[in-house]
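*Asks:* Next comes input_35.cif, mmCIF, C-alpha atoms:
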data_my_file
#
loop_
_atom_site.group_PDB
_atom_site.id
_atom_site.type_symbol
_atom_site.label_atom_id
_atom_site.label_comp_id
_atom_site.auth_asym_id
_atom_site.auth_seq_id
_atom_site.Cartn_x
_atom_site.Cartn_y
_atom_site.Cartn_z
ATOM 1 C CA MET Q 1 0.000 0.000 0.000
ATOM 2 C CA GLU Q 2 1.366 3.385 -0.996
ATOM 3 C CA PHE Q 3 0.210 7.007 -0.654
ATOM 4 C CA ARG Q 4 1.175 9.552 -3.274
ATOM 5 C CA GLU Q 5 0.117 12.968 -4.519
ATOM 6 C CA TYR Q 6 -2.812 13.089 -6.907
ATOM 7 C CA GLN Q 7 -2.022 13.719 -10.570
ATOM 8 C CA ALA Q 8 -4.494 14.888 -13.231
ATOM 9 C CA SER Q 9 -4.077 11.521 -14.962
ATOM 10 C CA ASP Q 10 -5.635 9.855 -11.858
ATOM 11 C CA ILE Q 11 -9.064 11.436 -12.417
ATOM 12 C CA GLU Q 12 -10.809 8.403 -13.917
ATOM 13 C CA ASP Q 13 -9.324 6.060 -11.299
ATOM 14 C CA VAL Q 14 -10.581 8.333 -8.508
ATOM 15 C CA ILE Q 15 -14.004 8.527 -10.168
ATOM 16 C CA ALA Q 16 -14.046 4.721 -10.397
ATOM 17 C CA VAL Q 17 -13.492 4.519 -6.617
ATOM 18 C CA PHE Q 18 -16.214 7.139 -6.103
ATOM 19 C CA LEU Q 19 -18.695 5.188 -8.242
ATOM 20 C CA THR Q 20 -18.270 2.069 -6.084
ATOM 21 C CA ASN Q 21 -19.683 4.090 -3.183
ATOM 22 C CA ILE Q 22 -23.011 5.017 -4.808
ATOM 23 C CA PRO Q 23 -25.749 4.942 -3.505
ATOM 24 C CA LYS Q 24 -24.812 4.445 0.159
ATOM 25 C CA TYR Q 25 -22.129 7.107 0.598
ATOM 26 C CA PHE Q 26 -22.561 9.398 -2.402
ATOM 27 C CA VAL Q 27 -25.299 10.324 -4.870
ATOM 28 C CA PRO Q 28 -24.640 10.291 -8.639
ATOM 29 C CA ALA Q 29 -24.917 14.084 -8.928
ATOM 30 C CA GLU Q 30 -21.815 14.464 -6.746
ATOM 31 C CA GLU Q 31 -19.604 13.046 -9.500
ATOM 32 C CA GLN Q 32 -19.545 16.386 -11.299
ATOM 33 C CA GLU Q 33 -18.762 18.184 -8.019
ATOM 34 C CA LEU Q 34 -15.802 15.847 -7.450
ATOM 35 C CA ARG Q 35 -14.539 16.405 -10.992
ATOM 36 C CA GLU Q 36 -14.771 20.177 -10.513
ATOM 37 C CA TYR Q 37 -13.059 20.011 -7.129
ATOM 38 C CA LEU Q 38 -10.126 18.031 -8.547
ATOM 39 C CA ALA Q 39 -9.836 20.365 -11.549
ATOM 40 C CA GLU Q 40 -9.767 23.437 -9.289
ATOM 41 C CA HIS Q 41 -7.904 22.031 -6.251
ATOM 42 C CA PRO Q 42 -5.555 19.221 -7.267
ATOM 43 C CA GLU Q 43 -3.041 20.254 -4.609
ATOM 44 C CA ASP Q 44 -3.187 18.551 -1.212
ATOM 45 C CA TYR Q 45 -5.139 15.617 -2.654
ATOM 46 C CA TYR Q 46 -3.728 12.114 -2.403
ATOM 47 C CA VAL Q 47 -4.353 8.660 -3.776
ATOM 48 C CA LEU Q 48 -3.877 5.323 -2.087
ATOM 49 C CA GLU Q 49 -2.512 2.595 -4.319
ATOM 50 C CA SER Q 50 -2.419 -1.131 -3.788
ATOM 51 C CA GLU Q 51 -0.464 -3.220 -6.290
ATOM 52 C CA GLY Q 52 -0.396 -0.256 -8.677
ATOM 53 C CA GLU Q 53 -4.168 0.297 -8.568
ATOM 54 C CA VAL Q 54 -5.874 3.351 -7.046
ATOM 55 C CA VAL Q 55 -8.073 2.031 -4.233
ATOM 56 C CA GLY Q 56 -8.654 5.236 -2.266
ATOM 57 C CA ALA Q 57 -8.286 8.995 -2.376
ATOM 58 C CA GLY Q 58 -8.790 12.102 -0.302
ATOM 59 C CA GLY Q 59 -7.565 15.585 0.332
ATOM 60 C CA VAL Q 60 -7.203 18.392 2.830
ATOM 61 C CA ALA Q 61 -7.812 22.133 2.623
ATOM 62 C CA LEU Q 62 -7.274 25.114 4.905
ATOM 63 C CA ASN Q 63 -10.528 26.957 5.618
ATOM 64 C CA GLU Q 64 -10.963 30.701 6.073
ATOM 65 C CA ASP Q 65 -11.587 30.148 9.812
ATOM 66 C CA GLU Q 66 -8.175 28.441 10.092
ATOM 67 C CA THR Q 67 -9.648 24.957 10.516
ATOM 68 C CA ILE Q 68 -8.641 22.144 8.183
ATOM 69 C CA SER Q 69 -11.192 20.270 6.080
ATOM 70 C CA LEU Q 70 -10.908 16.656 5.082
ATOM 71 C CA CYS Q 71 -12.138 16.670 1.470
ATOM 72 C CA TRP Q 72 -13.558 13.940 -0.737
ATOM 73 C CA GLY Q 73 -12.152 10.985 1.183
ATOM 74 C CA MET Q 74 -13.077 7.502 0.009
ATOM 75 C CA VAL Q 75 -11.871 3.954 -0.406
ATOM 76 C CA ARG Q 76 -13.165 1.412 -2.878
ATOM 77 C CA ASN Q 77 -16.386 -0.033 -1.480
ATOM 78 C CA ASP Q 78 -15.120 -3.623 -1.223
ATOM 79 C CA LEU Q 79 -12.276 -2.373 1.006
ATOM 80 C CA ILE Q 80 -14.460 -0.605 3.569
ATOM 81 C CA GLY Q 81 -13.794 -2.132 6.973
ATOM 82 C CA THR Q 82 -10.229 -3.229 6.142
ATOM 83 C CA GLY Q 83 -8.480 -0.310 7.873
ATOM 84 C CA ARG Q 84 -7.514 1.438 4.665
ATOM 85 C CA GLY Q 85 -9.960 4.276 5.265
ATOM 86 C CA LYS Q 86 -8.474 4.901 8.701
ATOM 87 C CA GLN Q 87 -4.950 4.838 7.279
ATOM 88 C CA LEU Q 88 -5.967 7.264 4.535
ATOM 89 C CA THR Q 89 -7.595 9.623 7.038
ATOM 90 C CA LEU Q 90 -4.638 9.584 9.434
ATOM 91 C CA PHE Q 91 -2.236 10.118 6.525
ATOM 92 C CA ARG Q 92 -4.194 13.175 5.369
ATOM 93 C CA MET Q 93 -4.366 14.577 8.888
ATOM 94 C CA GLU Q 94 -0.602 14.205 9.255
ATOM 95 C CA LYS Q 95 0.015 15.908 5.878
ATOM 96 C CA ALA Q 96 -2.239 18.778 6.966
ATOM 97 C CA ARG Q 97 -0.398 19.169 10.283
ATOM 98 C CA GLU Q 98 2.936 19.251 8.443
ATOM 99 C CA LYS Q 99 1.669 22.042 6.198
ATOM 100 C CA TRP Q 100 -0.551 24.111 8.521
ATOM 101 C CA GLY Q 101 0.354 23.122 12.072
ATOM 102 C CA ASP Q 102 -1.867 21.993 14.908
ATOM 103 C CA ARG Q 103 -5.411 23.124 14.050
ATOM 104 C CA PRO Q 104 -8.899 21.650 14.457
ATOM 105 C CA PHE Q 105 -10.219 19.453 11.654
ATOM 106 C CA MET Q 106 -13.656 19.718 10.030
ATOM 107 C CA ILE Q 107 -15.581 17.327 7.839
ATOM 108 C CA SER Q 108 -19.000 17.175 6.227
ATOM 109 C CA THR Q 109 -19.763 13.488 5.995
ATOM 110 C CA SER Q 110 -22.773 11.219 5.845
ATOM 111 C CA HIS Q 111 -24.497 9.566 8.765
ATOM 112 C CA HIS Q 112 -23.106 6.280 7.410
ATOM 113 C CA THR Q 113 -19.537 7.363 8.278
ATOM 114 C CA GLU Q 114 -20.307 9.487 11.338
ATOM 115 C CA GLY Q 115 -19.298 6.665 13.714
ATOM 116 C CA PHE Q 116 -16.006 6.155 11.883
ATOM 117 C CA TYR Q 117 -15.045 9.791 12.415
ATOM 118 C CA LYS Q 118 -16.234 9.785 16.039
ATOM 119 C CA LYS Q 119 -13.666 7.052 16.719
ATOM 120 C CA LEU Q 120 -11.027 9.454 15.372
ATOM 121 C CA GLY Q 121 -12.034 12.238 17.770
ATOM 122 C CA PHE Q 122 -14.598 14.141 15.693
ATOM 123 C CA GLU Q 123 -17.836 15.421 17.244
ATOM 124 C CA THR Q 124 -21.027 16.181 15.327
ATOM 125 C CA PHE Q 125 -22.154 19.785 15.629
ATOM 126 C CA GLU Q 126 -24.841 19.857 12.918
ATOM 127 C CA ARG Q 127 -26.994 17.265 11.145
ATOM 128 C CA ILE Q 128 -28.981 17.988 7.983
ATOM 129 C CA PRO Q 129 -31.505 15.280 7.048
ATOM 130 C CA ASP Q 130 -31.093 14.256 3.386
ATOM 131 C CA GLY Q 131 -28.391 16.947 3.107
ATOM 132 C CA PHE Q 132 -26.377 15.071 0.492
ATOM 133 C CA GLY Q 133 -29.412 13.487 -1.131
ATOM 134 C CA PRO Q 134 -32.362 11.246 -0.332
ATOM 135 C CA GLY Q 135 -31.402 8.940 2.516
ATOM 136 C CA ILE Q 136 -27.961 10.487 3.046
ATOM 137 C CA ASP Q 137 -27.874 12.919 5.956
ATOM 138 C CA THR Q 138 -25.084 15.475 6.175
ATOM 139 C CA CYS Q 139 -23.176 15.362 9.455
ATOM 140 C CA LYS Q 140 -20.893 18.320 10.069
ATOM 141 C CA MET Q 141 -18.159 17.273 12.438
ATOM 142 C CA ARG Q 142 -15.142 18.859 14.099
ATOM 143 C CA THR Q 143 -12.243 17.917 16.330
ATOM 144 C CA LYS Q 144 -11.623 19.910 19.494
ATOM 145 C CA THR Q 145 -7.943 19.863 18.667
ATOM 146 C CA SER Q 146 -6.144 18.297 15.779
#
Translate the structure of the given file into structure tokens.

*Replies:*
Amino acid sequence: MEFREYQASDIEDVIAVFLTNIPKYFVPAEEQELREYLAEHPEDYYVLESEGEVVGAGGVALNEDETISLCWGMVRNDLIGTGRGKQLTLFRMEKAREKWGDRPFMISTSHHTEGFYKKLGFETFERIPDGFGPGIDTCKMRTKTS
């Protein structure tokens, strides 16, 4: 397993990982949002490879309020529960700390992954029913410290 910086040539591999997570974690309409995000913000986005194949991806971004967002994190659906998602999240958090120092982290995630992030120290501060789409609530979460 290897982490590396995202390259524009990775777009279809990242989209392929994204598509494995529809309909539980993402809705189809988010594909265009992901494509736009990667076109506009390719920096600080990473891919996770296993045996030369992209099996996960995710990024980080500094917010105007000086918190750090975890952005568009995902692993291929058949790998959920294997620890790769946790490794990807911790890797991104470490990269963010290296770049921006010790700051709180933020994430907008679904209720399906809320428990995962709670185990990593995030607390829910807002919940929007069907916020991402029908049956996918938005959970806005934050760490007290990074």

*Asks:* Evaluate the PyMOL selection byres ((chain Q and resi 119-121) around 12) here and jot the selected residues down as a list in words.

*Replies:*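 Written out, the selection comes to Gly85, Lys86, Gln87, Thr89, Leu90, Met93, Pro104, Phe105, Met106, Ile107, Thr113, Glu114, Gly115, Phe116, Tyr117, Lys118, Phe122, Glu123, Thr124, Met141, Arg142, Thr143, Lys144, Thr145 and Ser146 of chain Q.
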
*Asks:* What's the separation between atom CA of Ala29 of chain Q and atom CA of Phe3 of chain Q, in Å to one decimal place?

*Replies:* 27.4 Å

*Asks:* Apply the PyMOL selection byres ((chain Q and resi 5) around 9) to the displayed file and report the matching residues as an MDAnalysis selection string.

*Replies:* chainID Q and resid 3:4 6:7 42:48

*Asks:* List the spatial neighbours of Leu79 of chain Q as a PyMOL selection string - criterion: any atom at most 12 Å away, only C-alpha atoms, same-chain residues fewer than 2 positions off excluded.

*Replies:* chain Q and resi 17+20-21+48+50+54-56+74-77+81-86

*Asks:* So what do you get for atom CA of Asp137 of chain Q versus atom CA of Ala16 of chain Q, distance-wise?

*Replies:*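 Atom CA of Asp137 of chain Q sits 22.9 Å away from atom CA of Ala16 of chain Q.
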
*Asks:* My list of candidates is Q:Asp102, Q:Phe132, Q:Glu2, Q:Phe125. Which is closest to Gly52 of chain Q when distances are computed with all atoms listed in the file?

*Replies:*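 Result for the nearest residue to Gly52 of chain Q: Q:Glu2.
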
*Asks:* Quick check on the file I pasted: which residues fall under the PyMOL selection byres ((chain Q and resi 108) around 6)? Write them as number ranges by chain.

*Replies:* Q: 107, 109, 139-140

*Asks:* Using the partial input, fill out segment 33-47 of chain Q with N, CA and C atoms; write the result as a PDB file, in the frame of the given file.

*Replies:*
ATOM      1  N   GLU Q  33     -19.382  17.357  -9.061  1.00  0.00           N
ATOM      2  CA  GLU Q  33     -18.762  18.184  -8.019  1.00  0.00           C
ATOM      3  C   GLU Q  33     -17.340  17.711  -7.733  1.00  0.00           C
ATOM      4  N   LEU Q  34     -17.140  16.397  -7.677  1.00  0.00           N
ATOM      5  CA  LEU Q  34     -15.802  15.847  -7.450  1.00  0.00           C
ATOM      6  C   LEU Q  34     -14.875  16.198  -8.607  1.00  0.00           C
ATOM      7  N   ARG Q  35     -15.357  16.049  -9.823  1.00  0.00           N
ATOM      8  CA  ARG Q  35     -14.539  16.405 -10.992  1.00  0.00           C
ATOM      9  C   ARG Q  35     -14.130  17.880 -10.943  1.00  0.00           C
ATOM     10  N   GLU Q  36     -15.063  18.747 -10.597  1.00  0.00           N
ATOM     11  CA  GLU Q  36     -14.771  20.177 -10.513  1.00  0.00           C
ATOM     12  C   GLU Q  36     -13.780  20.469  -9.391  1.00  0.00           C
ATOM     13  N   TYR Q  37     -13.972  19.815  -8.255  1.00  0.00           N
ATOM     14  CA  TYR Q  37     -13.059  20.011  -7.129  1.00  0.00           C
ATOM     15  C   TYR Q  37     -11.631  19.649  -7.537  1.00  0.00           C
ATOM     16  N   LEU Q  38     -11.463  18.479  -8.164  1.00  0.00           N
ATOM     17  CA  LEU Q  38     -10.126  18.031  -8.547  1.00  0.00           C
ATOM     18  C   LEU Q  38      -9.518  18.900  -9.637  1.00  0.00           C
ATOM     19  N   ALA Q  39     -10.339  19.459 -10.515  1.00  0.00           N
ATOM     20  CA  ALA Q  39      -9.836  20.365 -11.549  1.00  0.00           C
ATOM     21  C   ALA Q  39      -9.359  21.682 -10.930  1.00  0.00           C
ATOM     22  N   GLU Q  40     -10.077  22.153  -9.903  1.00  0.00           N
ATOM     23  CA  GLU Q  40      -9.767  23.437  -9.289  1.00  0.00           C
ATOM     24  C   GLU Q  40      -8.768  23.334  -8.141  1.00  0.00           C
ATOM     25  N   HIS Q  41      -8.724  22.177  -7.457  1.00  0.00           N
ATOM     26  CA  HIS Q  41      -7.904  22.031  -6.251  1.00  0.00           C
ATOM     27  C   HIS Q  41      -7.127  20.710  -6.249  1.00  0.00           C
ATOM     28  N   PRO Q  42      -6.286  20.501  -7.235  1.00  0.00           N
ATOM     29  CA  PRO Q  42      -5.555  19.221  -7.267  1.00  0.00           C
ATOM     30  C   PRO Q  42      -4.466  19.120  -6.192  1.00  0.00           C
ATOM     31  N   GLU Q  43      -4.066  20.266  -5.638  1.00  0.00           N
ATOM     32  CA  GLU Q  43      -3.041  20.254  -4.609  1.00  0.00           C
ATOM     33  C   GLU Q  43      -3.632  19.697  -3.310  1.00  0.00           C
ATOM     34  N   ASP Q  44      -2.787  19.098  -2.512  1.00  0.00           N
ATOM     35  CA  ASP Q  44      -3.187  18.551  -1.212  1.00  0.00           C
ATOM     36  C   ASP Q  44      -4.264  17.469  -1.339  1.00  0.00           C
ATOM     37  N   TYR Q  45      -4.257  16.760  -2.454  1.00  0.00           N
ATOM     38  CA  TYR Q  45      -5.139  15.617  -2.654  1.00  0.00           C
ATOM     39  C   TYR Q  45      -4.230  14.415  -2.918  1.00  0.00           C
ATOM     40  N   TYR Q  46      -4.591  13.288  -2.382  1.00  0.00           N
ATOM     41  CA  TYR Q  46      -3.728  12.114  -2.403  1.00  0.00           C
ATOM     42  C   TYR Q  46      -4.497  10.884  -2.867  1.00  0.00           C
ATOM     43  N   VAL Q  47      -3.759   9.950  -3.424  1.00  0.00           N
ATOM     44  CA  VAL Q  47      -4.353   8.660  -3.776  1.00  0.00           C
ATOM     45  C   VAL Q  47      -3.652   7.567  -2.982  1.00  0.00           C
TER      46      VAL Q  47
END
